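Here's the structure, in structure tokens; my notes come after.
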Amino acid sequence: MRDWARELGFSQIGVAGVDLSTAEPGLLAWLANGFHGSMDYMQAHGLRRARPAELVPGTTSVITARMDYLAATPEGWQAIEFDRLERPTEGIVSLYARGRDYHKVLRNRLQKLADRIADAIGPFGHRVFTDSAPVLEVELAARSGQGWRGRHTLVLNREGGSMFFLGEIYVDVALPPTEPVGDHCGSCHACLDVCPTGAIVAPYRLDARRCISYLTIEHAGSIPVELRPLMGNRIYGCDDCQLVCPWNKFAQPALVPDFAPRAGLVGQSLVALFAWNEEEFLRFTEGSPIRRIGHARWLRNIAVAMGNALRKGEDAEMRAALQARAGHPDGVVREHVEWALGQGDSQAPGSRRS
Ligand code: SF4
Ligand code: SF4
């Protein structure tokens, strides 16, 4: 199975049992704190997330898999990414989202793995998942030895850092579980210190409501005003807590070509990205995870980044681009555009570049 998984682009597979009862109190506490924000489906599914055999009756084991996604890991790639955050007029898309939609890639390849197993042992009940259903992915990955849960709450692997996607196959075949690994965060707190919004409220506890990944992707409405200045030029996701993590010096390049960055998404100006009309947004993001958020949320995110850029220096072109969207039919977009136009010093005489 390991060889087949490798051929399909997975870096590692493991097996977890289905008794996750010791993870239930933590899940309930996270939900009770409201840390899931507006992700109501988390609340709605409740403990089914921690009970694989309730989600898919008959499940006795879970095959876990991880797939590296970095297109390349040149020396100092983390510093290259941190540098982008210092260029306020550029829009930053999270590393994992620069290529093809991982949901499709992983689902297809997990299904192929299941098909190969079926060819060998005969038909068996199974269902594949990747970030798509009430599945306690990190818990299953950690239990099956894919790595340990880092203080930023993501899975960390000694040979691969954290720049990988997770996927699972729920199966009705009893397989021997693979061993978990120990925690190697040691005394490090770098991820807590670097988080721009203070979303990692304590080691191993993430308040999604403050996380830029949640705010730019999952959250549909208005972004809290007090968090907007902290978002900088991150327009889709955020990588800071992973970029700073010392274990990511071991991050591995992807074994599949699908996650290679698309032209026009890296090093692109906010003004250019903001100029896409809906038809262009759909065309440029076809097959990309970005498409899922829709054009209005895309504009909302870029408007926040533009407001933050204007706080750092006037820019007539950017201001004109915002003004051109001031009458957008979506009220959330309009409100964020208005906020962005209120940033910077254009109201003051002698503004720098307008
Ligand atoms: S993704 Fe960004 S905002 Fe979210 S916890 Fe990590 S550093 Fe903080
Ligand atoms: S930055 Fe440090 S504390 Fe955070 S996950 Fe990485 S090793 Fe652990």
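By order in the structure tokens, chains are A, B, ...; within a chain, residues start at 1; ligands start at 1, following the order shown.
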Could you pull out all residues of region 104-200 of chain A with a DSSP call of strand (DSSP E) and give them as a JSON list (two decimals) with N, CA, C and O atoms, in the first residue's frame?
[["chain", "number", "residue", "atom", "x", "y", "z"],
["A", 126, "HIS", "N", -15.91, 1.67, 1.49],
["A", 126, "HIS", "CA", -14.99, 2.77, 1.79],
["A", 126, "HIS", "C", -15.57, 4.09, 1.33],
["A", 126, "HIS", "O", -16.48, 4.13, 0.49],
["A", 127, "ARG", "N", -15.01, 5.17, 1.90],
["A", 127, "ARG", "CA", -15.37, 6.53, 1.45],
["A", 127, "ARG", "C", -14.16, 7.42, 1.64],
["A", 127, "ARG", "O", -13.49, 7.32, 2.68],
["A", 128, "VAL", "N", -13.87, 8.24, 0.64],
["A", 128, "VAL", "CA", -12.68, 9.10, 0.73],
["A", 128, "VAL", "C", -13.07, 10.52, 1.13],
["A", 128, "VAL", "O", -14.15, 11.00, 0.79],
["A", 129, "PHE", "N", -12.17, 11.17, 1.88],
["A", 129, "PHE", "CA", -12.41, 12.53, 2.35],
["A", 129, "PHE", "C", -11.14, 13.35, 2.24],
["A", 129, "PHE", "O", -10.04, 12.85, 2.44],
["A", 148, "TRP", "N", 2.98, 15.12, 14.62],
["A", 148, "TRP", "CA", 2.35, 15.53, 15.86],
["A", 148, "TRP", "C", 1.62, 16.85, 15.62],
["A", 148, "TRP", "O", 1.91, 17.55, 14.66],
["A", 149, "ARG", "N", 0.69, 17.16, 16.50],
["A", 149, "ARG", "CA", -0.04, 18.42, 16.37],
["A", 149, "ARG", "C", 0.84, 19.53, 16.94],
["A", 149, "ARG", "O", 1.18, 19.51, 18.13],
["A", 155, "VAL", "N", -0.61, 19.62, 11.69],
["A", 155, "VAL", "CA", 0.25, 18.44, 11.86],
["A", 155, "VAL", "C", 1.66, 18.77, 11.37],
["A", 155, "VAL", "O", 1.84, 19.39, 10.32],
["A", 156, "LEU", "N", 2.64, 18.37, 12.15],
["A", 156, "LEU", "CA", 4.05, 18.59, 11.82],
["A", 156, "LEU", "C", 4.76, 17.25, 11.70],
["A", 156, "LEU", "O", 4.58, 16.38, 12.56],
["A", 164, "PHE", "N", 1.70, 20.24, 3.78],
["A", 164, "PHE", "CA", 1.07, 19.12, 3.07],
["A", 164, "PHE", "C", -0.43, 19.12, 3.34],
["A", 164, "PHE", "O", -0.90, 19.72, 4.31],
["A", 165, "PHE", "N", -1.16, 18.47, 2.45],
["A", 165, "PHE", "CA", -2.60, 18.27, 2.61],
["A", 165, "PHE", "C", -2.83, 16.92, 3.27],
["A", 165, "PHE", "O", -2.00, 16.01, 3.14],
["A", 166, "LEU", "N", -3.98, 16.82, 3.94],
["A", 166, "LEU", "CA", -4.35, 15.55, 4.56],
["A", 166, "LEU", "C", -5.57, 14.96, 3.85],
["A", 166, "LEU", "O", -6.42, 15.71, 3.35],
["A", 167, "GLY", "N", -5.64, 13.66, 3.81],
["A", 167, "GLY", "CA", -6.81, 12.99, 3.26],
["A", 167, "GLY", "C", -7.03, 11.68, 4.01],
["A", 167, "GLY", "O", -6.13, 11.20, 4.72],
["A", 168, "GLU", "N", -8.22, 11.13, 3.88],
["A", 168, "GLU", "CA", -8.57, 9.91, 4.62],
["A", 168, "GLU", "C", -9.41, 8.98, 3.74],
["A", 168, "GLU", "O", -10.16, 9.44, 2.89],
["A", 169, "ILE", "N", -9.26, 7.69, 4.00],
["A", 169, "ILE", "CA", -10.19, 6.70, 3.44],
["A", 169, "ILE", "C", -10.79, 5.95, 4.62],
["A", 169, "ILE", "O", -10.05, 5.28, 5.37],
["A", 170, "TYR", "N", -12.09, 6.12, 4.82],
["A", 170, "TYR", "CA", -12.78, 5.33, 5.85],
["A", 170, "TYR", "C", -13.04, 3.95, 5.24],
["A", 170, "TYR", "O", -13.62, 3.87, 4.13],
["A", 171, "VAL", "N", -12.64, 2.91, 5.93],
["A", 171, "VAL", "CA", -12.78, 1.57, 5.35],
["A", 171, "VAL", "C", -13.49, 0.63, 6.33],
["A", 171, "VAL", "O", -13.43, 0.83, 7.56],
["A", 200, "ILE", "N", -3.78, 32.29, 17.62],
["A", 200, "ILE", "CA", -3.40, 31.11, 18.42],
["A", 200, "ILE", "C", -3.43, 31.60, 19.86],
["A", 200, "ILE", "O", -2.46, 32.15, 20.38]]
**Study point:** Residues of region 24-87 of chain A in alpha helix (DSSP H), written as JSON, numbers by chain
**Key:** {"A": [24, 25, 26, 27, 28, 29, 30, 31, 32, 40, 41, 42, 43, 44, 45, 52, 53, 54, 55, 77, 78, 79, 80, 81, 82, 83, 84]}
Residues from the last selection, N, CA, C and O atoms, saved as a JSON list (two decimals), in the first residue's frame:
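Result file is part-v4.json:
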[["chain", "number", "residue", "atom", "x", "y", "z"],
["A", 24, "GLU", "N", -13.03, 13.97, 22.09],
["A", 24, "GLU", "CA", -14.35, 14.62, 22.10],
["A", 24, "GLU", "C", -14.42, 15.81, 23.05],
["A", 24, "GLU", "O", -14.96, 16.86, 22.68],
["A", 25, "PRO", "N", -13.86, 15.72, 24.28],
["A", 25, "PRO", "CA", -13.96, 16.89, 25.17],
["A", 25, "PRO", "C", -13.31, 18.13, 24.56],
["A", 25, "PRO", "O", -13.85, 19.23, 24.67],
["A", 26, "GLY", "N", -12.16, 17.96, 23.91],
["A", 26, "GLY", "CA", -11.47, 19.10, 23.29],
["A", 26, "GLY", "C", -12.31, 19.71, 22.18],
["A", 26, "GLY", "O", -12.40, 20.93, 22.05],
["A", 27, "LEU", "N", -12.94, 18.86, 21.38],
["A", 27, "LEU", "CA", -13.79, 19.35, 20.29],
["A", 27, "LEU", "C", -14.98, 20.12, 20.85],
["A", 27, "LEU", "O", -15.31, 21.22, 20.38],
["A", 28, "LEU", "N", -15.60, 19.55, 21.90],
["A", 28, "LEU", "CA", -16.77, 20.22, 22.49],
["A", 28, "LEU", "C", -16.38, 21.56, 23.11],
["A", 28, "LEU", "O", -17.12, 22.55, 22.98],
["A", 29, "ALA", "N", -15.22, 21.61, 23.75],
["A", 29, "ALA", "CA", -14.77, 22.87, 24.37],
["A", 29, "ALA", "C", -14.50, 23.92, 23.30],
["A", 29, "ALA", "O", -14.85, 25.09, 23.46],
["A", 30, "TRP", "N", -13.89, 23.51, 22.19],
["A", 30, "TRP", "CA", -13.59, 24.43, 21.09],
["A", 30, "TRP", "C", -14.89, 25.02, 20.54],
["A", 30, "TRP", "O", -15.02, 26.22, 20.32],
["A", 31, "LEU", "N", -15.90, 24.15, 20.36],
["A", 31, "LEU", "CA", -17.19, 24.61, 19.85],
["A", 31, "LEU", "C", -17.87, 25.52, 20.88],
["A", 31, "LEU", "O", -18.43, 26.57, 20.54],
["A", 32, "ALA", "N", -17.80, 25.12, 22.17],
["A", 32, "ALA", "CA", -18.46, 25.90, 23.22],
["A", 32, "ALA", "C", -17.88, 27.30, 23.33],
["A", 32, "ALA", "O", -18.58, 28.26, 23.64],
["A", 40, "ASP", "N", -20.93, 27.13, 10.80],
["A", 40, "ASP", "CA", -22.02, 26.48, 11.53],
["A", 40, "ASP", "C", -22.04, 24.97, 11.34],
["A", 40, "ASP", "O", -22.52, 24.23, 12.19],
["A", 41, "TYR", "N", -21.53, 24.53, 10.17],
["A", 41, "TYR", "CA", -21.54, 23.09, 9.91],
["A", 41, "TYR", "C", -20.71, 22.34, 10.95],
["A", 41, "TYR", "O", -20.97, 21.18, 11.25],
["A", 42, "MET", "N", -19.73, 23.03, 11.55],
["A", 42, "MET", "CA", -18.93, 22.38, 12.61],
["A", 42, "MET", "C", -19.83, 22.03, 13.79],
["A", 42, "MET", "O", -19.79, 20.94, 14.33],
["A", 43, "GLN", "N", -20.64, 23.02, 14.18],
["A", 43, "GLN", "CA", -21.56, 22.83, 15.30],
["A", 43, "GLN", "C", -22.61, 21.79, 14.91],
["A", 43, "GLN", "O", -22.92, 20.89, 15.70],
["A", 44, "ALA", "N", -23.13, 21.92, 13.69],
["A", 44, "ALA", "CA", -24.23, 21.06, 13.26],
["A", 44, "ALA", "C", -23.83, 19.58, 13.31],
["A", 44, "ALA", "O", -24.60, 18.73, 13.71],
["A", 45, "HIS", "N", -22.60, 19.30, 12.92],
["A", 45, "HIS", "CA", -22.18, 17.89, 12.89],
["A", 45, "HIS", "C", -21.79, 17.38, 14.27],
["A", 45, "HIS", "O", -21.77, 16.17, 14.50],
["A", 52, "PRO", "N", -16.11, 8.29, 13.50],
["A", 52, "PRO", "CA", -16.11, 7.84, 12.09],
["A", 52, "PRO", "C", -17.19, 6.80, 11.79],
["A", 52, "PRO", "O", -17.79, 6.83, 10.72],
["A", 53, "ALA", "N", -17.45, 5.91, 12.74],
["A", 53, "ALA", "CA", -18.42, 4.84, 12.46],
["A", 53, "ALA", "C", -19.85, 5.37, 12.47],
["A", 53, "ALA", "O", -20.76, 4.68, 11.99],
["A", 54, "GLU", "N", -20.08, 6.57, 13.00],
["A", 54, "GLU", "CA", -21.41, 7.17, 12.91],
["A", 54, "GLU", "C", -21.56, 7.90, 11.58],
["A", 54, "GLU", "O", -22.63, 7.92, 10.99],
["A", 55, "LEU", "N", -20.46, 8.49, 11.13],
["A", 55, "LEU", "CA", -20.51, 9.21, 9.84],
["A", 55, "LEU", "C", -20.68, 8.23, 8.69],
["A", 55, "LEU", "O", -21.49, 8.42, 7.79],
["A", 77, "TRP", "N", 13.21, 29.64, 1.11],
["A", 77, "TRP", "CA", 11.89, 29.91, 0.54],
["A", 77, "TRP", "C", 10.98, 30.61, 1.54],
["A", 77, "TRP", "O", 10.14, 31.42, 1.15],
["A", 78, "GLN", "N", 11.18, 30.36, 2.84],
["A", 78, "GLN", "CA", 10.33, 31.04, 3.83],
["A", 78, "GLN", "C", 10.60, 32.54, 3.83],
["A", 78, "GLN", "O", 9.68, 33.36, 3.90],
["A", 79, "ALA", "N", 11.90, 32.91, 3.70],
["A", 79, "ALA", "CA", 12.26, 34.34, 3.69],
["A", 79, "ALA", "C", 11.68, 35.01, 2.44],
["A", 79, "ALA", "O", 11.23, 36.16, 2.50],
["A", 80, "ILE", "N", 11.67, 34.27, 1.33],
["A", 80, "ILE", "CA", 11.10, 34.83, 0.09],
["A", 80, "ILE", "C", 9.62, 35.17, 0.33],
["A", 80, "ILE", "O", 9.12, 36.22, -0.06],
["A", 81, "GLU", "N", 8.94, 34.27, 1.02],
["A", 81, "GLU", "CA", 7.51, 34.50, 1.27],
["A", 81, "GLU", "C", 7.30, 35.63, 2.27],
["A", 81, "GLU", "O", 6.39, 36.45, 2.11],
["A", 82, "PHE", "N", 8.13, 35.69, 3.31],
["A", 82, "PHE", "CA", 8.00, 36.80, 4.27],
["A", 82, "PHE", "C", 8.25, 38.15, 3.58],
["A", 82, "PHE", "O", 7.61, 39.13, 3.90],
["A", 83, "ASP", "N", 9.18, 38.16, 2.62],
["A", 83, "ASP", "CA", 9.46, 39.40, 1.88],
["A", 83, "ASP", "C", 8.22, 39.91, 1.16],
["A", 83, "ASP", "O", 8.00, 41.11, 1.05],
["A", 84, "ARG", "N", 7.42, 38.98, 0.64],
["A", 84, "ARG", "CA", 6.22, 39.41, -0.09],
["A", 84, "ARG", "C", 5.28, 40.21, 0.81],
["A", 84, "ARG", "O", 4.55, 41.10, 0.36]]
Exercise for review: Grab me every residue within 12 Å of ligand 2, counting only C-alpha atoms and all ligand atoms, and send it over as a ChimeraX atom specification.
Suggested key: /A:147-158,161-163,183-195,200,202-206,239-250
Revision key, fill the gap. Residue with the minimum atom-to-atom distance to Ala141 (chain A), picked from A:Leu227, A:Leu20, A:Ala275, A:Ala71 with only C-alpha atoms counted, is A:Leu20
Practice item. Choose the residue, out of A:Pro253, A:Pro74, A:Gly198, A:Pro289, that has the smallest atom-to-atom separation from ligand 1; count only C-alpha atoms and all ligand atoms. Key: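 Distance minimum relative to ligand 1 lands on A:Gly198.
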Review point. What does the distance between CA of Pro224 (chain A) and CA of Pro88 (chain A) come to in Å, to one decimal place?
Key: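 Atom-to-atom, CA of Pro224 (chain A) to CA of Pro88 (chain A), that is 20.1 Å.
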